[in-house]
>>> print(open('upload-v4.cif').read())   # mmCIF, C-alpha atoms
data_query
loop_
_atom_site.group_PDB
_atom_site.id
_atom_site.type_symbol
_atom_site.label_atom_id
_atom_site.label_comp_id
_atom_site.auth_asym_id
_atom_site.auth_seq_id
_atom_site.Cartn_x
_atom_site.Cartn_y
_atom_site.Cartn_z
ATOM 1 C CA MET A 1 29.596 29.081 35.642
ATOM 2 C CA THR A 2 28.563 26.978 32.612
ATOM 3 C CA ASP A 3 25.179 27.151 30.940
ATOM 4 C CA LYS A 4 22.877 24.250 31.682
ATOM 5 C CA PRO A 5 21.624 22.249 28.718
ATOM 6 C CA THR A 6 18.287 23.589 27.512
ATOM 7 C CA THR A 7 17.105 20.434 25.732
ATOM 8 C CA ARG A 8 17.369 16.718 26.334
ATOM 9 C CA THR A 9 19.604 16.593 23.251
ATOM 10 C CA ASP A 10 22.055 18.992 24.899
ATOM 11 C CA PHE A 11 21.845 17.060 28.163
ATOM 12 C CA ILE A 12 22.643 13.734 26.483
ATOM 13 C CA ARG A 13 25.485 15.269 24.472
ATOM 14 C CA THR A 14 26.930 16.780 27.647
ATOM 15 C CA LYS A 15 26.839 13.421 29.428
ATOM 16 C CA THR A 16 28.372 11.562 26.474
ATOM 17 C CA ALA A 17 30.813 14.291 25.393
ATOM 18 C CA THR A 18 33.947 12.507 26.617
ATOM 19 C CA LEU A 19 33.111 9.257 24.821
ATOM 20 C CA LEU A 20 31.974 11.010 21.642
ATOM 21 C CA ASN A 21 35.073 13.196 21.517
ATOM 22 C CA HIS A 22 37.283 10.136 21.960
ATOM 23 C CA ILE A 23 35.582 8.291 19.104
ATOM 24 C CA GLY A 24 35.562 11.446 16.992
ATOM 25 C CA THR A 25 39.304 11.822 17.456
ATOM 26 C CA MET A 26 39.885 8.210 16.393
ATOM 27 C CA LEU A 27 37.762 8.672 13.280
ATOM 28 C CA TYR A 28 39.586 11.864 12.345
ATOM 29 C CA GLN A 29 42.961 10.178 12.832
ATOM 30 C CA ARG A 30 41.848 7.513 10.377
ATOM 31 C CA GLY A 31 41.087 10.154 7.780
ATOM 32 C CA ILE A 32 37.297 10.014 8.014
ATOM 33 C CA HIS A 33 35.722 13.394 7.246
ATOM 34 C CA PRO A 34 32.723 14.525 9.349
ATOM 35 C CA ASP A 35 30.725 15.345 6.212
ATOM 36 C CA THR A 36 31.150 11.718 5.140
ATOM 37 C CA ILE A 37 29.760 10.535 8.483
ATOM 38 C CA THR A 38 26.768 12.824 8.018
ATOM 39 C CA LEU A 39 26.174 11.446 4.519
ATOM 40 C CA VAL A 40 26.453 7.813 5.643
ATOM 41 C CA GLY A 41 23.932 8.456 8.417
ATOM 42 C CA PHE A 42 21.564 10.077 5.934
ATOM 43 C CA ILE A 43 21.837 7.155 3.513
ATOM 44 C CA GLY A 44 21.068 4.813 6.402
ATOM 45 C CA VAL A 45 17.920 6.785 7.202
ATOM 46 C CA LEU A 46 16.843 6.649 3.558
ATOM 47 C CA ILE A 47 17.215 2.870 3.578
ATOM 48 C CA GLY A 48 15.237 2.709 6.808
ATOM 49 C CA ALA A 49 12.500 4.845 5.230
ATOM 50 C CA LEU A 50 12.242 2.380 2.337
ATOM 51 C CA PHE A 51 11.669 -0.458 4.794
ATOM 52 C CA ILE A 52 9.039 1.651 6.592
ATOM 53 C CA GLY A 53 7.221 2.212 3.314
ATOM 54 C CA ASN A 54 7.275 -1.541 2.756
ATOM 55 C CA GLY A 55 5.889 -2.234 6.230
ATOM 56 C CA GLN A 56 9.084 -3.913 7.494
ATOM 57 C CA PHE A 57 9.157 -1.928 10.708
ATOM 58 C CA THR A 58 11.568 -3.998 12.794
ATOM 59 C CA ILE A 59 14.295 -3.841 10.146
ATOM 60 C CA ALA A 60 13.692 -0.097 9.777
ATOM 61 C CA GLY A 61 13.982 0.373 13.545
ATOM 62 C CA LEU A 62 17.244 -1.570 13.631
ATOM 63 C CA ILE A 63 18.708 0.566 10.839
ATOM 64 C CA LEU A 64 17.694 3.782 12.598
ATOM 65 C CA LEU A 65 19.155 2.518 15.859
ATOM 66 C CA ILE A 66 22.484 1.863 14.128
ATOM 67 C CA THR A 67 22.582 5.222 12.341
ATOM 68 C CA LEU A 68 21.419 7.317 15.330
ATOM 69 C CA PRO A 69 24.911 7.710 16.906
ATOM 70 C CA LEU A 70 26.278 9.058 13.610
ATOM 71 C CA ASP A 71 24.205 12.205 14.179
ATOM 72 C CA ALA A 72 26.501 13.038 17.092
ATOM 73 C CA LEU A 73 29.752 11.569 15.800
ATOM 74 C CA ASP A 74 29.971 13.952 12.844
ATOM 75 C CA GLY A 75 30.113 16.880 15.257
ATOM 76 C CA ALA A 76 32.675 15.147 17.475
ATOM 77 C CA THR A 77 34.868 14.417 14.457
ATOM 78 C CA ALA A 78 34.553 18.047 13.315
ATOM 79 C CA ARG A 79 35.755 19.196 16.736
ATOM 80 C CA ALA A 80 38.678 16.788 16.559
ATOM 81 C CA MET A 81 39.808 18.274 13.236
ATOM 82 C CA LYS A 82 39.247 21.785 14.663
ATOM 83 C CA ARG A 83 36.958 22.644 11.801
ATOM 84 C CA THR A 84 36.333 26.370 11.436
ATOM 85 C CA ASP A 85 33.974 26.671 8.447
ATOM 86 C CA ASP A 86 30.188 26.528 8.826
ATOM 87 C CA PHE A 87 29.431 24.190 5.928
ATOM 88 C CA GLY A 88 29.317 21.137 8.198
ATOM 89 C CA LYS A 89 26.456 22.599 10.238
ATOM 90 C CA PHE A 90 24.612 23.574 7.067
ATOM 91 C CA TRP A 91 25.173 20.121 5.540
ATOM 92 C CA ASP A 92 24.033 18.332 8.687
ATOM 93 C CA SER A 93 20.917 20.470 9.102
ATOM 94 C CA THR A 94 19.953 20.146 5.433
ATOM 95 C CA LEU A 95 20.287 16.360 5.376
ATOM 96 C CA ASP A 96 18.371 16.148 8.653
ATOM 97 C CA ARG A 97 15.414 17.846 6.962
ATOM 98 C CA TYR A 98 15.588 15.426 4.039
ATOM 99 C CA ALA A 99 15.817 12.549 6.531
ATOM 100 C CA ASP A 100 12.745 13.758 8.423
ATOM 101 C CA GLY A 101 10.868 14.002 5.128
ATOM 102 C CA ALA A 102 11.926 10.501 4.121
ATOM 103 C CA LEU A 103 10.872 8.913 7.424
ATOM 104 C CA PHE A 104 7.448 10.509 7.632
ATOM 105 C CA GLY A 105 7.076 10.045 3.885
ATOM 106 C CA GLY A 106 7.711 6.333 4.397
ATOM 107 C CA PHE A 107 4.924 6.155 6.970
ATOM 108 C CA ALA A 108 2.615 8.198 4.737
ATOM 109 C CA TYR A 109 3.261 5.878 1.791
ATOM 110 C CA PHE A 110 2.695 2.735 3.854
ATOM 111 C CA PHE A 111 -0.595 3.921 5.312
ATOM 112 C CA ALA A 112 -1.728 5.218 1.912
ATOM 113 C CA THR A 113 -1.275 1.694 0.520
ATOM 114 C CA GLN A 114 -3.338 0.423 3.460
ATOM 115 C CA THR A 115 -6.072 3.011 2.734
ATOM 116 C CA ARG A 116 -5.640 4.379 6.255
ATOM 117 C CA ALA A 117 -6.555 8.022 5.726
ATOM 118 C CA ASP A 118 -6.391 8.728 9.475
ATOM 119 C CA MET A 119 -2.777 7.564 9.747
ATOM 120 C CA LEU A 120 -1.862 9.276 6.505
ATOM 121 C CA ILE A 121 -2.999 12.519 8.136
ATOM 122 C CA ALA A 122 -0.986 11.708 11.284
ATOM 123 C CA SER A 123 2.114 11.075 9.148
ATOM 124 C CA LEU A 124 1.670 14.349 7.265
ATOM 125 C CA LEU A 125 1.169 16.235 10.530
ATOM 126 C CA GLY A 126 4.449 14.760 11.766
ATOM 127 C CA LEU A 127 6.169 15.745 8.531
ATOM 128 C CA ILE A 128 4.961 19.353 8.691
ATOM 129 C CA GLY A 129 5.583 19.561 12.435
ATOM 130 C CA SER A 130 9.142 18.257 12.232
ATOM 131 C CA PHE A 131 9.965 20.851 9.586
ATOM 132 C CA MET A 132 8.367 23.636 11.615
ATOM 133 C CA VAL A 133 10.176 22.686 14.826
ATOM 134 C CA SER A 134 13.473 23.078 12.997
ATOM 135 C CA TYR A 135 12.385 26.130 11.008
ATOM 136 C CA THR A 136 11.200 28.118 14.028
ATOM 137 C CA ARG A 137 14.491 27.442 15.790
ATOM 138 C CA ALA A 138 16.531 28.429 12.737
ATOM 139 C CA ARG A 139 14.559 31.647 12.228
ATOM 140 C CA GLY A 140 14.791 32.506 15.922
ATOM 141 C CA GLU A 141 18.519 31.887 16.015
ATOM 142 C CA GLY A 142 18.822 34.055 12.900
ATOM 143 C CA LEU A 143 17.475 36.854 15.102
ATOM 144 C CA GLY A 144 20.094 36.088 17.728
ATOM 145 C CA LEU A 145 17.719 34.248 20.083
ATOM 146 C CA ASP A 146 18.025 30.928 21.910
ATOM 147 C CA VAL A 147 15.029 28.820 20.833
ATOM 148 C CA LYS A 148 16.028 25.441 22.259
ATOM 149 C CA ILE A 149 12.736 24.715 23.978
ATOM 150 C CA GLY A 150 9.974 22.173 23.569
ATOM 151 C CA LEU A 151 9.684 18.418 23.897
ATOM 152 C CA PHE A 152 10.010 17.187 20.326
ATOM 153 C CA SER A 153 13.437 18.176 19.070
ATOM 154 C CA ARG A 154 14.936 15.844 16.478
ATOM 155 C CA LEU A 155 16.546 13.422 18.941
ATOM 156 C CA GLU A 156 13.247 12.810 20.737
ATOM 157 C CA ARG A 157 11.456 12.321 17.419
ATOM 158 C CA VAL A 158 13.931 9.718 16.192
ATOM 159 C CA ILE A 159 13.983 7.878 19.528
ATOM 160 C CA MET A 160 10.178 7.672 19.533
ATOM 161 C CA MET A 161 10.226 6.399 15.952
ATOM 162 C CA VAL A 162 12.703 3.673 16.887
ATOM 163 C CA ILE A 163 10.518 2.606 19.815
ATOM 164 C CA VAL A 164 7.275 2.399 17.813
ATOM 165 C CA LEU A 165 9.032 0.602 14.966
ATOM 166 C CA PHE A 166 10.328 -2.080 17.309
ATOM 167 C CA ILE A 167 7.018 -2.301 19.174
ATOM 168 C CA PRO A 168 4.272 -1.445 16.644
ATOM 169 C CA ARG A 169 1.674 -3.309 18.692
ATOM 170 C CA LEU A 170 1.628 -4.469 22.312
ATOM 171 C CA ALA A 171 -1.161 -6.506 23.922
ATOM 172 C CA GLY A 172 -3.521 -5.368 21.175
ATOM 173 C CA ILE A 173 -2.629 -1.701 21.660
ATOM 174 C CA PRO A 174 -1.592 0.011 18.376
ATOM 175 C CA ILE A 175 1.643 1.574 19.676
ATOM 176 C CA LEU A 176 2.768 2.638 16.202
ATOM 177 C CA GLU A 177 -0.446 4.515 15.427
ATOM 178 C CA ILE A 178 -0.525 6.184 18.854
ATOM 179 C CA GLY A 179 3.140 7.143 18.538
ATOM 180 C CA LEU A 180 2.616 8.763 15.147
ATOM 181 C CA TRP A 181 -0.312 10.801 16.445
ATOM 182 C CA VAL A 182 1.794 11.886 19.427
ATOM 183 C CA LEU A 183 4.551 12.964 17.040
ATOM 184 C CA GLY A 184 2.113 14.695 14.715
ATOM 185 C CA ILE A 185 0.418 16.687 17.464
ATOM 186 C CA GLY A 186 3.499 17.045 19.681
ATOM 187 C CA THR A 187 5.614 18.650 16.962
ATOM 188 C CA GLN A 188 2.838 21.182 16.283
ATOM 189 C CA ILE A 189 2.754 22.062 19.987
ATOM 190 C CA THR A 190 6.538 22.397 20.073
ATOM 191 C CA SER A 191 6.438 24.724 17.067
ATOM 192 C CA ILE A 192 3.788 26.881 18.742
ATOM 193 C CA GLN A 193 5.872 26.948 21.940
ATOM 194 C CA ARG A 194 8.842 28.224 19.983
ATOM 195 C CA ILE A 195 6.783 30.850 18.170
ATOM 196 C CA ALA A 196 5.428 32.099 21.511
ATOM 197 C CA HIS A 197 8.939 32.000 23.001
ATOM 198 C CA VAL A 198 10.356 34.142 20.195
ATOM 199 C CA TYR A 199 7.419 36.545 20.480
ATOM 200 C CA HIS A 200 7.955 37.059 24.203
ATOM 201 C CA LEU A 201 11.727 37.441 23.799
ATOM 202 C CA LEU A 202 11.333 40.048 21.061
ATOM 203 C CA LYS A 203 8.594 41.836 22.984
ATOM 204 C CA GLY A 204 10.831 41.917 26.056
ATOM 205 C CA THR A 205 13.735 43.252 24.010
ATOM 206 C CA LYS A 206 11.594 46.107 22.690
ATOM 207 C CA LYS A 207 10.498 47.016 26.215
ATOM 208 C CA GLU A 208 14.133 47.124 27.340
ATOM 209 C CA ASP A 209 14.945 49.426 24.405
#
>>> encode(input="upload-v4.cif", output="C-alpha cells")
Amino acid sequence: MTDKPTTRTDFIRTKTATLLNHIGTMLYQRGIHPDTITLVGFIGVLIGALFIGNGQFTIAGLILLITLPLDALDGATARAMKRTDDFGKFWDSTLDRYADGALFGGFAYFFATQTRADMLIASLLGLIGSFMVSYTRARGEGLGLDVKIGLFSRLERVIMMVIVLFIPRLAGIPILEIGLWVLGIGTQITSIQRIAHVYHLLKGTKKED
C-alpha cells in the first residue's frame, strides 16, 4: 500500500511523475545537470521579481509561468542520473528561499514607491510567512516528523502569484491586492498549523514513551 500525497504539491507531482521523469531522462542524456536547472529557474524568478518591482506584472507572470516547471524538472533529472548526494536538495531549498524573498521583495518595493503602506505590510507578511512555512517544515523534519500540512506550500504560493500578476484587477476588483493579503495571512496560518501539528506529534510521542 502506497502513502497518499499529503499536499497538493505531492498530488500534482504524483499525477505528472511519468511525464516529468521522461523529460528528466532526456535532459540528463543531453548532459544537463539538475543543479543547473535549479539555477536557471532561480535566475528566471529574479528577473520576474525585477519586473514586479517595476510594476510590469504581466511580463513577470509570464516569466514565472515559464520557470515554474523547472522546480520539478530538477528533481526528475536528479532521479534520472540516480543522484545519491544531498546537495541538490539543499541547493534547491536554499535558492527557493532566495526566490521567495525576491518575489515578495519585488512587491514590497513596488508598493513602497506607490506609498501604499497597507500593501507594503501585506508583502512583508507574505515574505515572513513564506519563510516560516518552509522553516517549520524543515525543523519538524529535522526531528523526524512529517510536516507536509497546510494550504500555502510553495507551489500554491507561486501559482497564486502567477494568477494575480496576470489578472491584477478584474471588473474594478483589486485582485492583486486581495491576493497578496491572502498570501500574507494564509502563510501565517499555515505556519501556525505546522507548529501545532509538530506540538501534537511530539506530545503524542512522549505519551507513548
>>> residues_around(input="upload-v4.cif", residues="stretch 167-180 of chain A", least_positions_apart="5", cutoff="10 Å", atoms="all atoms listed in the file", output="MDAnalysis selection string")
chainID A and resid 57:58 61 104 107 118:126 157 160:162 185:186
>>> resolve_selection(input="upload-v4.cif", expression="the PyMOL selection byres ((chain A and resi 23) around 12)", output="list in words")
Thr16, Ala17, Thr18, Leu19, Leu20, Asn21, His22, Gly24, Thr25, Met26, Leu27, Tyr28, Gln29, Arg30, Ile32, Pro34, Pro69, Leu70, Ala72, Leu73, Asp74, Gly75, Ala76, Thr77, Ala78, Arg79 and Ala80 of chain A
>>> atom_distance(input="upload-v4.cif", atom1="atom CA of A:Ser191", atom2="atom CA of A:Gly101")
16.6 Å
>>> residues_around(input="upload-v4.cif", residues="A:Glu156", least_positions_apart="3", cutoff="12 Å", atoms="all atoms listed in the file", output="JSON, numbers by chain")
{"A": [7, 8, 9, 10, 12, 68, 130, 133, 150, 151, 152, 153, 159, 160, 161, 162, 163, 179, 182, 183, 186, 187, 190]}
>>> residues_around(input="upload-v4.cif", residues="A:Leu39", least_positions_apart="6", cutoff="12 Å", atoms="all atoms listed in the file", output="PDB file with C-alpha atoms, in the frame of the given file")
ATOM      1  CA  ILE A  32      37.297  10.014   8.014  1.00  0.00           C
ATOM      2  CA  HIS A  33      35.722  13.394   7.246  1.00  0.00           C
ATOM      3  CA  VAL A  45      17.920   6.785   7.202  1.00  0.00           C
ATOM      4  CA  LEU A  46      16.843   6.649   3.558  1.00  0.00           C
ATOM      5  CA  THR A  67      22.582   5.222  12.341  1.00  0.00           C
ATOM      6  CA  LEU A  70      26.278   9.058  13.610  1.00  0.00           C
ATOM      7  CA  ASP A  71      24.205  12.205  14.179  1.00  0.00           C
ATOM      8  CA  LEU A  73      29.752  11.569  15.800  1.00  0.00           C
ATOM      9  CA  ASP A  74      29.971  13.952  12.844  1.00  0.00           C
ATOM     10  CA  GLY A  88      29.317  21.137   8.198  1.00  0.00           C
ATOM     11  CA  TRP A  91      25.173  20.121   5.540  1.00  0.00           C
ATOM     12  CA  ASP A  92      24.033  18.332   8.687  1.00  0.00           C
ATOM     13  CA  SER A  93      20.917  20.470   9.102  1.00  0.00           C
ATOM     14  CA  THR A  94      19.953  20.146   5.433  1.00  0.00           C
ATOM     15  CA  LEU A  95      20.287  16.360   5.376  1.00  0.00           C
ATOM     16  CA  ASP A  96      18.371  16.148   8.653  1.00  0.00           C
ATOM     17  CA  TYR A  98      15.588  15.426   4.039  1.00  0.00           C
ATOM     18  CA  ALA A  99      15.817  12.549   6.531  1.00  0.00           C
TER      19      ALA A  99
END
>>> closest_residue(input="upload-v4.cif", among="A:Leu103, A:Met81, A:Ile59, A:Ile189", to="A:Ile43", atoms="only C-alpha atoms")
A:Leu103
>>> closest_residue(input="upload-v4.cif", among="A:Leu143, A:Ala138, A:Ile195, A:Ala108", to="A:Lys89", atoms="only C-alpha atoms")
A:Ala138
>>> atom_distance(input="upload-v4.cif", atom1="atom CA of A:Val164", atom2="atom CA of A:Gly41")
20.1 Å
>>> resolve_selection(input="upload-v4.cif", expression="the PyMOL selection byres ((chain A and resi 60) around 9)", output="PDB file with C-alpha atoms, in the coordinates of the input")
ATOM      1  CA  VAL A  45      17.920   6.785   7.202  1.00  0.00           C
ATOM      2  CA  ILE A  47      17.215   2.870   3.578  1.00  0.00           C
ATOM      3  CA  GLY A  48      15.237   2.709   6.808  1.00  0.00           C
ATOM      4  CA  ALA A  49      12.500   4.845   5.230  1.00  0.00           C
ATOM      5  CA  LEU A  50      12.242   2.380   2.337  1.00  0.00           C
ATOM      6  CA  PHE A  51      11.669  -0.458   4.794  1.00  0.00           C
ATOM      7  CA  ILE A  52       9.039   1.651   6.592  1.00  0.00           C
ATOM      8  CA  GLY A  55       5.889  -2.234   6.230  1.00  0.00           C
ATOM      9  CA  GLN A  56       9.084  -3.913   7.494  1.00  0.00           C
ATOM     10  CA  PHE A  57       9.157  -1.928  10.708  1.00  0.00           C
ATOM     11  CA  THR A  58      11.568  -3.998  12.794  1.00  0.00           C
ATOM     12  CA  ILE A  59      14.295  -3.841  10.146  1.00  0.00           C
ATOM     13  CA  GLY A  61      13.982   0.373  13.545  1.00  0.00           C
ATOM     14  CA  LEU A  62      17.244  -1.570  13.631  1.00  0.00           C
ATOM     15  CA  ILE A  63      18.708   0.566  10.839  1.00  0.00           C
ATOM     16  CA  LEU A  64      17.694   3.782  12.598  1.00  0.00           C
ATOM     17  CA  LEU A  65      19.155   2.518  15.859  1.00  0.00           C
ATOM     18  CA  VAL A 162      12.703   3.673  16.887  1.00  0.00           C
ATOM     19  CA  LEU A 165       9.032   0.602  14.966  1.00  0.00           C
ATOM     20  CA  PHE A 166      10.328  -2.080  17.309  1.00  0.00           C
TER      21      PHE A 166
END
>>> atom_distance(input="upload-v4.cif", atom1="atom CA of A:Ile192", atom2="atom CA of A:Arg116")
27.4 Å
>>> decode(input="upload-v4.cif", residues="stretch 36-142 of chain A", atoms="C-alpha atoms", output="PDB file, in the first residue's frame")
ATOM      1  CA  THR A  36      21.953  23.896 -13.463  1.00  0.00           C
ATOM      2  CA  ILE A  37      18.189  23.580 -13.954  1.00  0.00           C
ATOM      3  CA  THR A  38      17.651  24.810 -10.403  1.00  0.00           C
ATOM      4  CA  LEU A  39      19.937  27.792 -11.020  1.00  0.00           C
ATOM      5  CA  VAL A  40      18.252  28.707 -14.317  1.00  0.00           C
ATOM      6  CA  GLY A  41      14.847  28.616 -12.626  1.00  0.00           C
ATOM      7  CA  PHE A  42      16.137  30.840  -9.835  1.00  0.00           C
ATOM      8  CA  ILE A  43      17.577  33.365 -12.288  1.00  0.00           C
ATOM      9  CA  GLY A  44      14.216  33.420 -14.058  1.00  0.00           C
ATOM     10  CA  VAL A  45      12.469  34.214 -10.778  1.00  0.00           C
ATOM     11  CA  LEU A  46      14.940  37.019 -10.079  1.00  0.00           C
ATOM     12  CA  ILE A  47      14.185  38.544 -13.474  1.00  0.00           C
ATOM     13  CA  GLY A  48      10.473  38.210 -12.782  1.00  0.00           C
ATOM     14  CA  ALA A  49      10.952  39.948  -9.420  1.00  0.00           C
ATOM     15  CA  LEU A  50      12.633  42.882 -11.176  1.00  0.00           C
ATOM     16  CA  PHE A  51       9.609  43.273 -13.438  1.00  0.00           C
ATOM     17  CA  ILE A  52       7.320  43.099 -10.383  1.00  0.00           C
ATOM     18  CA  GLY A  53       9.287  45.883  -8.728  1.00  0.00           C
ATOM     19  CA  ASN A  54       8.864  47.932 -11.893  1.00  0.00           C
ATOM     20  CA  GLY A  55       5.112  47.308 -11.980  1.00  0.00           C
ATOM     21  CA  GLN A  56       5.233  45.210 -15.175  1.00  0.00           C
ATOM     22  CA  PHE A  57       3.076  42.456 -13.750  1.00  0.00           C
ATOM     23  CA  THR A  58       2.028  40.632 -16.917  1.00  0.00           C
ATOM     24  CA  ILE A  59       5.626  40.132 -18.048  1.00  0.00           C
ATOM     25  CA  ALA A  60       6.548  38.975 -14.537  1.00  0.00           C
ATOM     26  CA  GLY A  61       3.666  36.485 -14.546  1.00  0.00           C
ATOM     27  CA  LEU A  62       4.738  35.113 -17.921  1.00  0.00           C
ATOM     28  CA  ILE A  63       8.312  34.624 -16.700  1.00  0.00           C
ATOM     29  CA  LEU A  64       7.128  32.833 -13.561  1.00  0.00           C
ATOM     30  CA  LEU A  65       4.827  30.637 -15.623  1.00  0.00           C
ATOM     31  CA  ILE A  66       7.761  29.604 -17.821  1.00  0.00           C
ATOM     32  CA  THR A  67      10.118  28.925 -14.911  1.00  0.00           C
ATOM     33  CA  LEU A  68       7.562  27.093 -12.724  1.00  0.00           C
ATOM     34  CA  PRO A  69       8.076  23.637 -14.345  1.00  0.00           C
ATOM     35  CA  LEU A  70      11.830  23.865 -13.706  1.00  0.00           C
ATOM     36  CA  ASP A  71      11.095  23.488  -9.985  1.00  0.00           C
ATOM     37  CA  ALA A  72      10.010  19.914 -10.690  1.00  0.00           C
ATOM     38  CA  LEU A  73      12.341  19.081 -13.566  1.00  0.00           C
ATOM     39  CA  ASP A  74      15.493  19.422 -11.467  1.00  0.00           C
ATOM     40  CA  GLY A  75      14.267  16.612  -9.227  1.00  0.00           C
ATOM     41  CA  ALA A  76      13.267  14.452 -12.198  1.00  0.00           C
ATOM     42  CA  THR A  77      16.692  14.944 -13.772  1.00  0.00           C
ATOM     43  CA  ALA A  78      18.372  14.067 -10.457  1.00  0.00           C
ATOM     44  CA  ARG A  79      16.398  10.818 -10.351  1.00  0.00           C
ATOM     45  CA  ALA A  80      17.409  10.044 -13.922  1.00  0.00           C
ATOM     46  CA  MET A  81      21.100  10.384 -13.039  1.00  0.00           C
ATOM     47  CA  LYS A  82      20.490   8.323  -9.868  1.00  0.00           C
ATOM     48  CA  ARG A  83      21.948  11.062  -7.739  1.00  0.00           C
ATOM     49  CA  THR A  84      22.851   9.927  -4.231  1.00  0.00           C
ATOM     50  CA  ASP A  85      24.246  13.049  -2.528  1.00  0.00           C
ATOM     51  CA  ASP A  86      22.018  15.516  -0.672  1.00  0.00           C
ATOM     52  CA  PHE A  87      23.487  18.735  -2.055  1.00  0.00           C
ATOM     53  CA  GLY A  88      20.793  19.016  -4.731  1.00  0.00           C
ATOM     54  CA  LYS A  89      18.031  19.173  -2.118  1.00  0.00           C
ATOM     55  CA  PHE A  90      19.997  21.720  -0.104  1.00  0.00           C
ATOM     56  CA  TRP A  91      20.706  23.810  -3.220  1.00  0.00           C
ATOM     57  CA  ASP A  92      17.081  23.716  -4.341  1.00  0.00           C
ATOM     58  CA  SER A  93      15.712  24.620  -0.913  1.00  0.00           C
ATOM     59  CA  THR A  94      18.212  27.451  -0.431  1.00  0.00           C
ATOM     60  CA  LEU A  95      17.501  29.047  -3.807  1.00  0.00           C
ATOM     61  CA  ASP A  96      13.769  28.669  -3.192  1.00  0.00           C
ATOM     62  CA  ARG A  97      14.124  30.828  -0.078  1.00  0.00           C
ATOM     63  CA  TYR A  98      16.057  33.459  -2.022  1.00  0.00           C
ATOM     64  CA  ALA A  99      13.392  33.298  -4.745  1.00  0.00           C
ATOM     65  CA  ASP A 100      10.586  33.803  -2.224  1.00  0.00           C
ATOM     66  CA  GLY A 101      12.461  36.788  -0.803  1.00  0.00           C
ATOM     67  CA  ALA A 102      12.971  38.271  -4.257  1.00  0.00           C
ATOM     68  CA  LEU A 103       9.308  37.938  -5.265  1.00  0.00           C
ATOM     69  CA  PHE A 104       7.826  39.424  -2.117  1.00  0.00           C
ATOM     70  CA  GLY A 105      10.650  41.956  -2.063  1.00  0.00           C
ATOM     71  CA  GLY A 106       9.632  42.998  -5.573  1.00  0.00           C
ATOM     72  CA  PHE A 107       6.063  43.590  -4.422  1.00  0.00           C
ATOM     73  CA  ALA A 108       7.277  45.437  -1.322  1.00  0.00           C
ATOM     74  CA  TYR A 109       9.487  47.708  -3.429  1.00  0.00           C
ATOM     75  CA  PHE A 110       6.720  48.455  -5.927  1.00  0.00           C
ATOM     76  CA  PHE A 111       4.162  49.360  -3.282  1.00  0.00           C
ATOM     77  CA  ALA A 112       6.750  51.390  -1.357  1.00  0.00           C
ATOM     78  CA  THR A 113       7.275  53.513  -4.484  1.00  0.00           C
ATOM     79  CA  GLN A 114       3.491  53.923  -4.666  1.00  0.00           C
ATOM     80  CA  THR A 115       3.372  54.977  -0.982  1.00  0.00           C
ATOM     81  CA  ARG A 116       0.986  52.099  -0.289  1.00  0.00           C
ATOM     82  CA  ALA A 117       1.861  51.293   3.312  1.00  0.00           C
ATOM     83  CA  ASP A 118      -1.009  48.788   3.571  1.00  0.00           C
ATOM     84  CA  MET A 119       0.273  46.702   0.656  1.00  0.00           C
ATOM     85  CA  LEU A 120       3.846  47.039   1.838  1.00  0.00           C
ATOM     86  CA  ILE A 121       2.714  45.389   5.075  1.00  0.00           C
ATOM     87  CA  ALA A 122       0.891  42.660   3.112  1.00  0.00           C
ATOM     88  CA  SER A 123       4.055  41.997   1.080  1.00  0.00           C
ATOM     89  CA  LEU A 124       6.202  41.784   4.212  1.00  0.00           C
ATOM     90  CA  LEU A 125       3.693  39.444   5.853  1.00  0.00           C
ATOM     91  CA  GLY A 126       3.930  37.207   2.787  1.00  0.00           C
ATOM     92  CA  LEU A 127       7.719  37.330   2.928  1.00  0.00           C
ATOM     93  CA  ILE A 128       7.867  36.364   6.609  1.00  0.00           C
ATOM     94  CA  GLY A 129       5.106  33.783   6.204  1.00  0.00           C
ATOM     95  CA  SER A 130       6.722  32.061   3.233  1.00  0.00           C
ATOM     96  CA  PHE A 131       9.968  31.716   5.170  1.00  0.00           C
ATOM     97  CA  MET A 132       8.164  30.383   8.235  1.00  0.00           C
ATOM     98  CA  VAL A 133       6.154  27.826   6.259  1.00  0.00           C
ATOM     99  CA  SER A 134       9.409  26.373   4.969  1.00  0.00           C
ATOM    100  CA  TYR A 135      11.271  26.767   8.261  1.00  0.00           C
ATOM    101  CA  THR A 136       8.652  24.984  10.366  1.00  0.00           C
ATOM    102  CA  ARG A 137       8.651  22.071   7.935  1.00  0.00           C
ATOM    103  CA  ALA A 138      12.448  21.873   7.896  1.00  0.00           C
ATOM    104  CA  ARG A 139      12.679  21.985  11.696  1.00  0.00           C
ATOM    105  CA  GLY A 140       9.925  19.392  12.052  1.00  0.00           C
ATOM    106  CA  GLU A 141      11.546  17.067   9.550  1.00  0.00           C
ATOM    107  CA  GLY A 142      14.821  17.539  11.434  1.00  0.00           C
TER     108      GLY A 142
END
